[in-house]
Amino acid sequence: MAVTAQQVKILRERTGAGMMECKKALVAADGDVDAAAEQMRKSGLARADKKAGRVAAEGVIVIRMSDDGATAAIAEVNCETDFVANGEAFRGFADGVAEAALGARTADLDALLNRSVAGETIEERRRSLVATLGENIRVRRFDRLTSQGSLGHYLHGSRIGVIVALEGGDEALARDLAMHVAASSPAYITAEEVPAEMLAKEREILREQAATEGKPPAIVEKMVEGRLGKYLGAITLLGQPFVKDDQILVAKLVEQRGARVTGFRRYEVGEGIEKPEDDFVAEVMKQVRGASG
């Protein structure tokens, strides 16, 4: 049957799909826009499921602060390429995820994905976006911090994001510390937070290293404890030299400003995701053999 331009326009606005895809769907549905939209949604979800196994290690970090400044949310949303990561549709989706995370009263990712925004869940919107953009897209993680004191945040482009919560201090200090965390990537706030098994393992490694230097056992133990202290200083926020002034430790800076760090979160796009290494030569040879065959 004949399909009007107005019908195609309405379906495109509802689905975000291309003109030809909308026209084909309308023809198959005998011009019924609702039926065409439903069928496109079903086929789109099927395509989304097929793409779910593909590695999505690009994307953005997004941060949102509540109007009263008491809560901050951070989220990582991934896709497969920088091209999609920089697109308006993907950025809009990521912003929506951060807004939903800010208002969520849960730390569970599945619960967040099932939150309804503008009439559809985040998961439904994600799968529709996969169908539209042709890449695997996923909400990888999110977190929230609340504080009765000060909250600070920092975004380095859209690839590294940090939120910091303080007791005391002020927003300027909280932002400075967020910038510090972005640059220095501490794993813990204080040495007391480092797991005992991690300390035991590191102490054993240092002991074996020191023993090879031919020192007496008593000296070896002193060397181990000294080196362990340096290790803890490197991985803890309070033990690191402040990035804006390496003559002062963060612990001293915070103390001088009458503050205490109660929490921080640092996200980096693709952190910990194994990316497949493309074998360019093998791919070319495969194409050559296919062409010659």
# chains A, B, ... in the order shown; residues from 1 in each chain; ligands from 1
$ residues_around --residues "segment 224-235 of chain A" --least-positions-apart "2" --cutoff "8 Å" --atoms "only C-alpha atoms" --output "ChimeraX atom specification"
/A:185-188,191,202-203,206-207,210,220-222,237-240
$ atom_distance --atom1 "atom CA of Ala100 of chain A" --atom2 "atom CA of Val117 of chain A"
7.8 Å
$ closest_residue --among "A:Val130, A:Ala73, A:Arg257, A:Ile122" --to "Gly103 of chain A" --atoms "only C-alpha atoms"
A:Ala73
$ closest_atom_pairs --of "segment 176-203 of chain A" --to "segment 244-256 of chain A" --cutoff "12 Å" --atoms "only C-alpha atoms" --output "Markdown table"
| residue | atom | partner | partner_atom | distance |
| --- | --- | --- | --- | --- |
| A:Asp176 | CA | A:Lys244 | CA | 8.4 |
| A:Leu177 | CA | A:Val250 | CA | 8.3 |
| A:Ala178 | CA | A:Val250 | CA | 11.7 |
| A:Met179 | CA | A:Lys244 | CA | 9.3 |
| A:His180 | CA | A:Lys244 | CA | 7.9 |
| A:Val181 | CA | A:Val250 | CA | 10.5 |
| A:Ala183 | CA | A:Lys244 | CA | 10.5 |
| A:Ser184 | CA | A:Lys244 | CA | 11.4 |
| A:Pro186 | CA | A:Val250 | CA | 11.3 |
| A:Ile189 | CA | A:Ala251 | CA | 9.6 |
| A:Thr190 | CA | A:Ala251 | CA | 9.1 |
| A:Ala191 | CA | A:Ala251 | CA | 11.4 |
$ select_by_dssp --residues "segment 98-183 of chain A" --states "strand (DSSP E or B)" --output "PyMOL selection string"
chain A and resi 116-117+120-121+138-146+150-156+160-168
$ select_by_dssp --residues "segment 188-291 of chain A" --states "alpha helix (DSSP H)" --output "ChimeraX atom specification"
/A:196-211,217-235,250-256,280-291
$ residues_around --residues "Val269 of chain A" --least-positions-apart "3" --cutoff "10 Å" --atoms "only C-alpha atoms" --output "PyMOL selection string"
chain A and resi 57-61+75-78+140+158-161+272-273
$ atom_distance --atom1 "atom CA of Ala36 of chain A" --atom2 "atom CA of Cys22 of chain A"
7.8 Å
$ residues_around --residues "Gly169 of chain A" --least-positions-apart "2" --cutoff "12 Å" --atoms "only C-alpha atoms" --output "NGL selection string"
:A and (147-152 or 164-167 or 171-177 or 253-262)
$ residues_around --residues "Arg138 of chain A" --least-positions-apart "6" --cutoff "12 Å" --atoms "only C-alpha atoms" --output "ChimeraX atom specification"
/A:48-49,51-60,75-80,85,90,93-94,97,109-110,113,122-130,270
$ atom_distance --atom1 "atom CA of Met223 of chain A" --atom2 "atom CA of Ala200 of chain A"
15.2 Å
